[in-house]
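**Q** Please find target30.txt (compact mmCIF, C-alpha atoms and all ligand atoms) on the next line:
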```txt
# COMPACT_ATOMS: atom_id res chain seq x y z
CA MET Y 20 107.12 65.25 56.99
CA LYS Y 21 110.13 63.19 57.98
CA ARG Y 22 112.75 65.23 59.82
CA PRO Y 23 116.19 65.02 58.16
CA ILE Y 24 119.22 63.52 59.90
CA ASP Y 25 121.27 66.70 60.35
CA PRO Y 26 118.63 69.37 60.93
CA LYS Y 27 120.99 72.35 61.39
CA MET Y 28 122.78 71.74 58.12
CA MET Y 29 119.53 71.02 56.30
CA LEU Y 30 118.02 74.21 57.65
CA GLU Y 31 121.02 76.23 56.46
CA ALA Y 32 120.65 74.59 53.02
CA ILE Y 33 117.14 75.94 52.51
CA LYS Y 34 118.27 79.54 52.99
CA TYR Y 35 117.93 81.71 49.87
CA SER Y 36 121.40 82.78 48.73
CA ASN Y 37 120.70 86.55 48.72
CA ASP Y 38 119.30 86.35 52.24
CA SER Y 39 122.72 87.04 53.66
CA LEU Y 40 124.53 89.60 55.78
CA GLU Y 41 127.86 88.22 54.66
CA TYR Y 42 130.34 91.06 54.01
CA ALA Y 43 127.82 93.64 55.30
CA GLY Y 44 129.71 94.17 58.56
CA ILE Y 45 126.78 93.34 60.85
CA GLN Y 46 127.91 91.55 63.97
CA ASN Y 47 125.98 88.76 65.55
CA CYS Y 48 124.45 89.93 68.81
CA VAL Y 49 122.94 88.15 71.72
CA ILE Y 50 119.57 89.45 72.86
CA ASP Y 51 119.75 89.53 76.62
CA ASN Y 52 117.13 87.97 78.81
CA GLU Y 53 115.90 91.32 80.11
CA VAL Y 54 114.77 92.31 76.60
CA ARG Y 55 113.26 88.85 76.06
CA GLU Y 56 111.34 89.15 79.34
CA ARG Y 57 110.01 92.54 78.29
CA PHE Y 58 108.73 91.01 75.03
CA LYS Y 59 107.08 88.18 76.94
CA LYS Y 60 105.40 90.44 79.51
CA HIS Y 61 104.08 92.58 76.69
CA GLN Y 62 102.51 89.50 75.02
CA LEU Y 63 101.05 88.29 78.32
CA VAL Y 64 99.36 91.67 78.74
CA THR Y 65 98.20 92.28 75.17
CA ALA Y 66 97.57 88.76 73.76
CA THR Y 67 96.34 85.31 74.76
CA LYS Y 68 98.76 82.46 75.17
CA ILE Y 69 97.93 79.34 73.20
CA VAL Y 70 97.74 76.36 75.57
CA PRO Y 71 96.38 72.88 74.70
CA GLU Y 72 93.57 73.10 77.27
CA LEU Y 73 92.09 76.14 75.50
CA PHE Y 74 93.18 75.94 71.86
CA PRO Y 75 94.06 72.31 71.06
CA THR Y 76 94.06 72.73 67.26
CA ILE Y 77 96.39 75.73 67.09
CA CYS Y 78 98.55 74.12 69.74
CA LYS Y 79 98.91 70.94 67.66
CA ALA Y 80 99.90 72.96 64.57
CA ALA Y 81 102.53 74.84 66.58
CA ASP Y 82 103.87 71.57 68.07
CA ASP Y 83 104.24 70.10 64.57
CA VAL Y 84 106.25 73.14 63.45
CA LYS Y 85 108.46 73.00 66.52
CA ASN Y 86 109.19 69.29 65.96
CA ILE Y 87 110.12 69.90 62.32
CA LEU Y 88 112.10 73.13 62.56
CA ALA Y 89 113.17 73.73 66.11
CA PRO Y 90 112.94 70.69 68.45
CA GLU Y 91 115.62 72.17 70.72
CA TYR Y 92 113.53 75.28 71.39
CA LYS Y 93 110.36 75.92 73.31
CA LEU Y 94 107.73 77.49 71.07
CA GLU Y 95 105.19 79.86 72.59
CA VAL Y 96 102.31 81.06 70.44
CA TYR Y 97 100.03 83.98 71.28
CA VAL Y 98 96.87 85.17 69.60
CA LYS Y 99 96.05 88.86 69.46
CA ASN Y 100 92.59 90.23 68.83
CA ASN Y 101 93.33 92.08 65.63
CA ALA Y 102 91.65 91.88 62.22
CA ASP Y 103 94.88 92.53 60.26
CA PHE Y 104 96.24 89.39 58.60
CA GLN Y 105 99.57 89.51 60.32
CA ALA Y 106 101.93 87.40 62.37
CA SER Y 107 105.25 88.18 64.01
CA CYS Y 108 108.05 86.48 65.85
CA PHE Y 109 110.10 87.48 68.92
CA PRO Y 110 113.00 85.95 70.78
CA GLY Y 111 111.49 84.33 73.87
CA VAL Y 112 112.97 83.80 77.34
CA ASN Y 113 115.23 80.82 78.10
CA ASN Y 114 115.77 79.38 74.65
CA SER Y 115 112.23 79.86 73.49
CA ILE Y 116 110.66 81.44 70.42
CA SER Y 117 107.49 83.53 70.60
CA VAL Y 118 105.11 83.74 67.68
CA VAL Y 119 102.18 86.16 67.73
CA LEU Y 120 99.24 85.50 65.40
CA ASN Y 121 96.49 88.04 64.79
CA SER Y 122 92.99 86.61 65.20
CA GLY Y 123 92.07 87.75 61.65
CA LEU Y 124 94.78 85.47 60.31
CA VAL Y 125 93.81 82.49 62.48
CA GLN Y 126 90.16 82.76 61.38
CA LEU Y 127 91.21 82.80 57.74
CA CYS Y 128 93.51 79.77 57.82
CA SER Y 129 93.03 76.02 58.03
CA VAL Y 130 95.26 74.13 60.48
CA ASP Y 131 97.72 73.19 57.77
CA GLU Y 132 97.84 76.77 56.50
CA LEU Y 133 98.60 77.83 60.07
CA ARG Y 134 101.55 75.42 60.03
CA PHE Y 135 102.86 77.38 57.07
CA VAL Y 136 102.36 80.73 58.84
CA VAL Y 137 103.95 79.57 62.10
CA GLY Y 138 106.79 77.83 60.21
CA HIS Y 139 107.41 81.06 58.29
CA GLU Y 140 107.67 83.06 61.53
CA VAL Y 141 109.87 80.49 63.27
CA GLY Y 142 112.10 80.59 60.16
CA HIS Y 143 112.58 84.34 60.67
CA TYR Y 144 113.87 83.59 64.16
CA LEU Y 145 116.08 80.63 63.25
CA PHE Y 146 117.71 82.56 60.41
CA LYS Y 147 118.29 85.51 62.74
CA HIS Y 148 116.39 87.97 60.63
CA TYR Y 149 115.95 90.05 63.80
CA LEU Y 150 119.57 91.17 63.23
CA TYR Y 151 118.70 92.73 59.90
CA PRO Y 152 118.74 96.52 59.66
CA ARG Y 153 115.57 98.52 59.20
CA ALA Y 154 115.11 100.57 56.06
CA GLU Y 155 114.77 103.75 58.16
CA GLU Y 156 118.33 103.25 59.40
CA ALA Y 157 119.78 103.70 55.90
CA GLN Y 158 122.17 106.58 55.31
CA ASN Y 159 121.03 107.14 51.74
CA GLN Y 160 118.54 105.96 49.12
CA VAL Y 161 120.79 103.27 47.57
CA GLU Y 162 121.43 101.73 50.98
CA LYS Y 163 117.71 101.91 51.79
CA LEU Y 164 116.73 100.10 48.58
CA ASN Y 165 119.29 97.39 49.27
CA ILE Y 166 118.11 96.91 52.86
CA LEU Y 167 114.56 96.47 51.53
CA ALA Y 168 115.85 93.94 48.97
CA LEU Y 169 117.54 92.07 51.82
CA LEU Y 170 114.28 92.02 53.79
CA ARG Y 171 112.45 90.62 50.73
CA ALA Y 172 115.15 87.96 50.42
CA ALA Y 173 114.54 87.06 54.08
CA GLU Y 174 110.85 86.51 53.25
CA ILE Y 175 111.83 83.96 50.60
CA THR Y 176 113.79 81.95 53.18
CA ALA Y 177 110.98 82.24 55.72
CA ASP Y 178 108.49 80.97 53.13
CA ARG Y 179 110.70 77.94 52.57
CA SER Y 180 110.67 77.29 56.33
CA GLY Y 181 106.89 77.43 56.28
CA PHE Y 182 106.71 75.22 53.22
CA VAL Y 183 108.59 72.33 54.86
CA CYS Y 184 106.07 72.41 57.74
CA VAL Y 185 102.83 71.85 55.81
CA GLN Y 186 101.34 68.41 55.34
CA ASN Y 187 99.79 69.27 52.00
CA LYS Y 188 101.94 71.55 49.82
CA GLU Y 189 98.92 73.23 48.24
CA ASN Y 190 98.17 74.75 51.64
CA ALA Y 191 101.40 76.77 51.59
CA PHE Y 192 100.31 78.40 48.34
CA LYS Y 193 96.78 78.85 49.64
CA ALA Y 194 98.04 80.56 52.80
CA ILE Y 195 99.93 83.09 50.67
CA LEU Y 196 96.88 83.63 48.45
CA LYS Y 197 94.68 84.21 51.51
CA LEU Y 198 97.19 86.69 52.94
CA ALA Y 199 97.23 88.47 49.58
CA THR Y 200 93.45 88.71 49.23
CA GLY Y 201 92.23 88.55 52.80
CA LEU Y 202 89.53 86.17 51.53
CA PRO Y 203 88.41 82.91 53.17
CA ASP Y 204 87.90 79.50 51.48
CA ASP Y 205 84.29 80.28 50.46
CA PHE Y 206 85.53 82.71 47.84
CA ILE Y 207 88.55 80.80 46.58
CA ARG Y 208 88.66 78.08 44.02
CA PHE Y 209 92.34 77.45 44.26
CA ASN Y 210 94.09 77.46 40.91
CA LEU Y 211 97.77 78.23 41.14
CA SER Y 212 98.50 78.68 37.46
CA ALA Y 213 95.58 81.12 37.10
CA TYR Y 214 96.99 83.24 39.92
CA LEU Y 215 100.51 83.11 38.53
CA ARG Y 216 99.28 84.72 35.31
CA GLN Y 217 99.24 87.93 37.38
CA ALA Y 218 103.02 87.70 37.80
CA LYS Y 219 103.38 87.24 34.06
CA GLU Y 220 101.16 90.27 33.42
CA LEU Y 221 103.31 92.43 35.70
CA GLN Y 222 106.47 91.17 34.02
CA ASP Y 223 105.05 91.85 30.55
CA MET Y 224 104.41 95.43 31.68
CA GLY Y 225 108.08 95.82 32.63
CA GLY Y 226 107.68 95.42 36.39
CA ASP Y 227 107.06 98.21 38.84
CA GLU Y 228 109.76 100.23 40.55
CA TYR Y 229 107.50 100.77 43.59
CA SER Y 230 108.01 97.10 44.41
CA LEU Y 231 111.51 98.18 45.49
CA LEU Y 232 109.94 100.03 48.42
CA HIS Y 233 108.19 96.99 49.89
CA THR Y 234 109.52 94.81 52.69
CA HIS Y 235 107.76 91.77 51.14
CA PRO Y 236 107.93 90.45 47.58
CA ALA Y 237 104.66 90.44 45.61
CA CYS Y 238 102.58 87.39 46.57
CA CYS Y 239 102.75 85.93 43.06
CA THR Y 240 106.58 86.21 43.21
CA ARG Y 241 106.56 84.40 46.58
CA MET Y 242 104.44 81.62 45.11
CA ARG Y 243 106.70 81.18 42.11
CA ALA Y 244 109.70 81.09 44.46
CA LEU Y 245 108.02 78.23 46.35
CA LEU Y 246 107.24 76.42 43.11
CA TRP Y 247 110.95 76.50 42.22
CA PHE Y 248 111.78 75.39 45.76
CA ASP Y 249 109.37 72.46 45.48
CA MET Y 250 111.28 71.34 42.36
CA SER Y 251 114.74 71.79 43.87
CA GLU Y 252 117.30 69.31 45.12
CA VAL Y 253 117.33 71.24 48.42
CA TYR Y 254 113.69 70.41 49.03
CA TYR Y 255 114.01 66.87 47.67
CA GLU Y 256 116.79 66.24 50.17
CA TRP Y 257 114.79 67.73 53.02
CA ALA Y 258 111.72 65.66 52.19
CA GLY Y 259 113.67 62.48 51.42
CA LEU Y 260 112.43 62.40 47.82
CA GLY Y 261 115.64 61.03 46.33
CA ASP Y 262 118.17 62.68 44.01
CA CYS Y 263 116.12 63.22 40.87
CA ALA Y 264 115.10 66.85 41.54
CA PRO Y 265 114.56 68.86 38.33
CA ILE Y 266 116.73 71.81 39.49
CA ASN Y 267 119.84 72.12 41.65
CA ALA Y 268 120.39 74.65 44.48
CA CYS Y 269 122.25 77.09 42.24
CA GLU Y 270 119.53 77.08 39.59
CA LEU Y 271 116.87 77.50 42.29
CA ASN Y 272 118.49 80.65 43.67
CA LYS Y 273 119.18 81.98 40.17
CA ARG Y 274 115.52 81.65 39.18
CA VAL Y 275 114.30 83.30 42.38
CA THR Y 276 116.76 86.19 42.00
CA HIS Y 277 115.65 86.65 38.40
CA ASP Y 278 111.98 86.70 39.43
CA LEU Y 279 112.58 89.19 42.24
CA SER Y 280 114.50 91.48 39.88
CA LEU Y 281 111.87 91.10 37.19
CA ALA Y 282 109.14 92.36 39.54
CA SER Y 283 110.85 95.77 39.59
CA GLY Y 284 111.88 95.67 35.94
CA PHE Y 285 115.53 95.19 37.05
CA ARG Y 286 115.62 98.79 38.43
CA LEU Y 287 117.67 97.85 41.50
CA THR Y 288 120.10 95.86 39.36
CA GLU Y 289 120.66 99.00 37.28
CA ILE Y 290 120.98 101.26 40.34
CA ASN Y 291 123.51 98.91 41.96
CA LYS Y 292 125.44 98.49 38.73
CA LYS Y 293 125.91 102.27 38.53
CA GLU Y 294 126.87 102.51 42.20
CA ILE Y 295 129.36 99.66 41.85
CA GLU Y 296 130.87 101.36 38.78
CA GLN Y 297 131.23 104.51 40.91
CA ALA Y 298 132.84 102.51 43.71
CA LEU Y 299 135.28 100.96 41.23
CA PHE Y 300 136.17 104.36 39.77
CA TRP Y 301 136.86 106.00 43.16
CA GLY Y 302 138.57 102.85 44.43
CA VAL Y 303 140.94 102.81 41.47
CA LEU Y 304 141.62 106.53 41.85
CA ALA Y 305 142.30 106.02 45.57
CA LEU Y 306 144.89 103.40 44.63
CA PHE Y 307 146.44 105.60 41.93
CA VAL Y 308 146.83 108.65 44.18
CA SER Y 309 147.82 106.74 47.31
CA ASP Y 310 151.40 107.93 46.73
CA GLY Y 311 150.18 111.55 46.39
CA CYS Y 312 150.83 111.53 42.65
CA PHE Y 313 148.50 110.96 39.68
CA SER Y 314 151.04 109.94 37.01
CA LYS Y 315 150.59 110.23 33.23
CA ALA Y 316 150.57 106.40 32.97
CA GLU Y 317 147.78 106.25 35.60
CA GLN Y 318 145.80 108.93 33.76
CA ILE Y 319 146.02 106.87 30.56
CA LEU Y 320 144.87 103.75 32.41
CA LEU Y 321 141.94 105.67 33.89
CA THR Y 322 140.96 106.96 30.41
CA GLN Y 323 141.14 103.44 28.98
CA ASN Y 324 138.82 102.10 31.66
CA PHE Y 325 136.53 105.02 32.48
CA GLY Y 326 136.78 107.30 29.43
CA GLU Y 327 138.03 110.88 29.00
CA SER Y 328 135.32 112.21 31.30
CA GLY Y 329 136.65 109.96 34.10
CA VAL Y 330 140.04 111.66 33.99
CA ASP Y 331 138.42 115.10 33.93
CA ILE Y 332 136.33 114.24 37.00
CA ALA Y 333 139.43 112.89 38.75
CA LEU Y 334 141.58 115.97 37.94
CA ASP Y 335 138.84 118.41 39.00
CA TYR Y 336 138.32 116.53 42.27
CA LEU Y 337 142.05 116.36 43.01
CA ARG Y 338 142.45 120.09 42.30
CA GLU Y 339 139.61 120.98 44.64
CA PHE Y 340 140.02 118.48 47.50
CA GLY Y 341 143.48 116.92 47.13
CA PRO Y 342 144.46 113.21 46.98
CA ASP Y 343 143.74 112.46 50.66
CA ALA Y 344 140.02 113.18 50.15
CA VAL Y 345 139.68 110.51 47.45
CA ILE Y 346 139.75 107.62 49.89
CA ASN Y 347 136.92 109.22 51.93
CA LYS Y 348 134.81 109.63 48.82
CA PHE Y 349 135.46 105.98 47.94
CA GLU Y 350 134.60 104.80 51.44
CA SER Y 351 131.29 106.67 51.50
CA ILE Y 352 130.24 104.84 48.29
CA LEU Y 353 131.29 101.52 49.81
CA GLN Y 354 129.03 102.28 52.76
CA SER Y 355 126.03 102.77 50.48
CA ILE Y 356 126.54 99.38 48.80
CA ARG Y 357 127.24 97.30 51.91
CA PHE Y 358 123.92 95.44 51.59
CA VAL Y 359 124.33 94.72 47.88
CA ASP Y 360 124.45 91.00 47.15
CA LYS Y 361 127.72 89.34 48.08
CA THR Y 362 128.53 88.14 44.53
CA SER Y 363 128.54 91.70 43.16
CA LYS Y 364 130.65 92.93 46.07
CA ARG Y 365 133.10 90.09 45.69
CA SER Y 366 133.61 90.85 42.02
CA LEU Y 367 134.05 94.60 42.81
CA PHE Y 368 136.76 93.75 45.31
CA GLU Y 369 138.51 91.48 42.84
CA ASP Y 370 138.45 94.26 40.22
CA ILE Y 371 139.98 96.72 42.67
CA GLU Y 372 142.61 94.14 43.60
CA ARG Y 373 143.42 93.72 39.89
CA PHE Y 374 143.89 97.50 39.45
CA SER Y 375 146.21 97.62 42.47
CA LYS Y 376 148.72 95.64 40.41
CA LEU Y 377 148.65 98.31 37.68
CA ALA Y 378 149.03 101.36 39.91
CA GLY Y 379 152.38 103.11 40.33
CA GLY Y 380 153.94 104.23 43.60
CA GLU Y 381 154.92 102.42 46.76
CA VAL Y 382 153.59 98.92 47.15
CA SER Y 383 153.09 99.40 50.89
CA LYS Y 384 150.75 102.38 50.27
CA LEU Y 385 148.74 100.39 47.72
CA GLU Y 386 148.50 97.55 50.18
CA THR Y 387 147.22 99.95 52.82
CA VAL Y 388 144.40 101.11 50.51
CA LEU Y 389 143.61 97.52 49.63
CA MET Y 390 143.54 96.40 53.25
CA ARG Y 391 141.36 99.37 54.19
CA THR Y 392 138.98 98.44 51.36
CA ALA Y 393 138.97 94.80 52.42
CA ASN Y 394 138.19 95.78 56.01
CA LEU Y 395 135.37 98.08 54.96
CA MET Y 396 133.92 95.40 52.71
CA ASN Y 397 134.54 92.68 55.31
CA PHE Y 398 136.59 90.76 52.80
CA HIS Y 399 139.40 89.83 55.18
CA GLN Y 400 139.57 86.32 53.81
CA LEU Y 401 139.94 87.49 50.21
CA ALA Y 402 142.55 90.14 51.04
CA GLY Y 403 144.61 87.57 52.90
CA LYS Y 404 144.93 85.34 49.86
ZN ZN G 501 107.82 87.21 57.04
```
Mind converting the file's structure to structure tokens?
**A**
Amino acid sequence: MKRPIDPKMMLEAIKYSNDSLEYAGIQNCVIDNEVRERFKKHQLVTATKIVPELFPTICKAADDVKNILAPEYKLEVYVKNNADFQASCFPGVNNSISVVLNSGLVQLCSVDELRFVVGHEVGHYLFKHYLYPRAEEAQNQVEKLNILALLRAAEITADRSGFVCVQNKENAFKAILKLATGLPDDFIRFNLSAYLRQAKELQDMGGDEYSLLHTHPACCTRMRALLWFDMSEVYYEWAGLGDCAPINACELNKRVTHDLSLASGFRLTEINKKEIEQALFWGVLALFVSDGCFSKAEQILLTQNFGESGVDIALDYLREFGPDAVINKFESILQSIRFVDKTSKRSLFEDIERFSKLAGGEVSKLETVLMRTANLMNFHQLAGK
């Protein structure tokens, strides 16, 4: 594969759009060398370092990946004696990346399939997926489901990184199929469309909500995502295939998002829609009562947008907790949706901004609520418009 002219920009272009911490309030952090050294020592004790004198084939595959994805880094690969088909990636010391491959995985894969696996892991590092939160850190179920969705989105990007590293594209699909089945070549007559019928079958059955609890998308979903990627202008540009790609970047991401949602029967879409409606309701109420008064005109507006029951909920809440508590209620809902995709959050913020123009009371108090919302949602740039 020919390396493109501006590798950093090209690499950013292959990132899946929902694989993003934008507006989630997670700060970039530098992993200090002490932690990196600890990782390295651990590998040196528990695994075997891949050096050309001992493992020339694996070493060549790793070198190819490094040259394509990360020529400015040093890539260290380790093999661990473990039958599980797994690989992982760690920040290495002094601008290096460490990839650990389990022996079960190495035995299963051809050299080109290993390029895919190593490229996938290096992609996790280059796209800083190590900054992503863990599902166990979530404060509630909605946040947990959205963190898991973010982790699945990260897998899509990592697969694209692996895909651009293989010499024969079929090997990327085969690597995923082998990881899914744990079976070697002897048992596989590779037929992509036959395998993809499984995805169709799952979709026809309305998806499965348990897929929301996985850190990885279903293998057939990953394969379809790579098929779309293979047809996209992003990949065509990377591979120097000209400008006649069947689908553009926007269409690519739309199809992948649709497929990922389809696997769960759109359950997360529904859950987030409800949560965003809640956030809008409490956000609007926070604006309306920011002056300590819930006027008749504001009550009518609330009824028009959220129904009679909305006003009843608002009045009951205000009676029990008072207007100052509304903003806290609103902010706790914002916390639970901070990992929701950025498009949904952007449109929520714009809706709240729109309602701020309809609310009564002092403009400065409304602006305070709006600024607080913008800060919590990390929408400083939108609020400043
Ligand atoms: Zn991965």
**Q** Of the candidates Y:Thr234, Y:Ala89, Y:Asp38, Y:Leu120, which shows the shortest atom-to-atom distance to ligand ZN 501 (chain G), using all atoms listed in the file?
**A** Y:Thr234
**Q** Using all atoms listed in the file, which of the listed residues (Y:Ser251, Y:Asn100, Y:Ser36, Y:Thr392) sits closest to Thr67 of chain Y?
**A**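 Ranking Y:Ser251, Y:Asn100, Y:Ser36, Y:Thr392 by distance to Thr67 of chain Y, first place goes to Y:Asn100.
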**Q** Please measure the separation of atom CA of Phe313 of chain Y and atom CA of Glu369 of chain Y, giving the value in Å to one decimal.
**A**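 About the pair atom CA of Phe313 of chain Y and atom CA of Glu369 of chain Y: they are 22.1 Å apart.
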**Q** Please return as a ChimeraX atom specification the residues found within 12 Å of ligand ZN 501 (chain G), counting all atoms listed in the file.
**A** /Y:104-108,118,135-144,146,148-149,170-181,195,198,234-236,238,241
**Q** Can you measure atom CA of Glu56 of chain Y to atom CA of Leu169 of chain Y for me? One decimal in Å is fine.
**A**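 Atom-to-atom, atom CA of Glu56 of chain Y to atom CA of Leu169 of chain Y, that is 28.4 Å.
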**Q** For a quick check of understanding, using only C-alpha atoms, which of Y:Val253, Y:Ala282, Y:Leu377, Y:Leu215 has the smallest distance to Leu320 of chain Y?
**A**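 That would be Y:Leu377, the residue with the smallest distance to Leu320 of chain Y.
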**Q** For the point (88.9, 83.3, 51.5) in file coordinates, what residues are within 12 Å, counting only C-alpha atoms? Give the answer as a tab-separated table (two decimals) with C-alpha atoms, keeping the file's coordinate frame?
**A**
```
chain	number	residue	atom	x	y	z
Y	104	PHE	CA	96.24	89.39	58.60
Y	123	GLY	CA	92.07	87.75	61.65
Y	124	LEU	CA	94.78	85.47	60.31
Y	126	GLN	CA	90.16	82.76	61.38
Y	127	LEU	CA	91.21	82.80	57.74
Y	128	CYS	CA	93.51	79.77	57.82
Y	129	SER	CA	93.03	76.02	58.03
Y	193	LYS	CA	96.78	78.85	49.64
Y	194	ALA	CA	98.04	80.56	52.80
Y	195	ILE	CA	99.93	83.09	50.67
Y	196	LEU	CA	96.88	83.63	48.45
Y	197	LYS	CA	94.68	84.21	51.51
Y	198	LEU	CA	97.19	86.69	52.94
Y	199	ALA	CA	97.23	88.47	49.58
Y	200	THR	CA	93.45	88.71	49.23
Y	201	GLY	CA	92.23	88.55	52.80
Y	202	LEU	CA	89.53	86.17	51.53
Y	203	PRO	CA	88.41	82.91	53.17
Y	204	ASP	CA	87.90	79.50	51.48
Y	205	ASP	CA	84.29	80.28	50.46
Y	206	PHE	CA	85.53	82.71	47.84
Y	207	ILE	CA	88.55	80.80	46.58
Y	208	ARG	CA	88.66	78.08	44.02
Y	209	PHE	CA	92.34	77.45	44.26
```
**Q** With only C-alpha atoms as the basis for distance, which of Y:Tyr336, Y:Phe285, Y:Tyr255, Y:Phe248 is at the shortest distance from Cys269 of chain Y?
**A**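 Nearest candidate to Cys269 of chain Y out of Y:Tyr336, Y:Phe285, Y:Tyr255, Y:Phe248: Y:Phe248.
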**Q** May I have the residues within 8 Å of segment 151-154 of chain Y as a list in words, using all atoms listed in the file and disregarding those fewer than 3 positions away in the same chain?
**A**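 Contacts, with the query itself left out: Leu40, Lys147, His148, Ala157, Lys163, Leu164, Ile166, Leu167 and Leu170 of chain Y.
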**Q** Output C-alpha atoms of each residue in that selection to a file, as a PDB file, keeping the file's coordinate frame.
**A**
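Dumped to selection_39.pdb:
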```pdb
ATOM      1  CA  LEU Y  40     124.530  89.600  55.780  1.00  0.00           C
ATOM      2  CA  LYS Y 147     118.290  85.510  62.740  1.00  0.00           C
ATOM      3  CA  HIS Y 148     116.390  87.970  60.630  1.00  0.00           C
ATOM      4  CA  ALA Y 157     119.780 103.700  55.900  1.00  0.00           C
ATOM      5  CA  LYS Y 163     117.710 101.910  51.790  1.00  0.00           C
ATOM      6  CA  LEU Y 164     116.730 100.100  48.580  1.00  0.00           C
ATOM      7  CA  ILE Y 166     118.110  96.910  52.860  1.00  0.00           C
ATOM      8  CA  LEU Y 167     114.560  96.470  51.530  1.00  0.00           C
ATOM      9  CA  LEU Y 170     114.280  92.020  53.790  1.00  0.00           C
TER      10      LEU Y 170
END
```
**Q** To one decimal place, how far is atom CA of Ser280 of chain Y from atom CA of Glu296 of chain Y in Å?
**A**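 These two atoms are separated by 19.2 Å.
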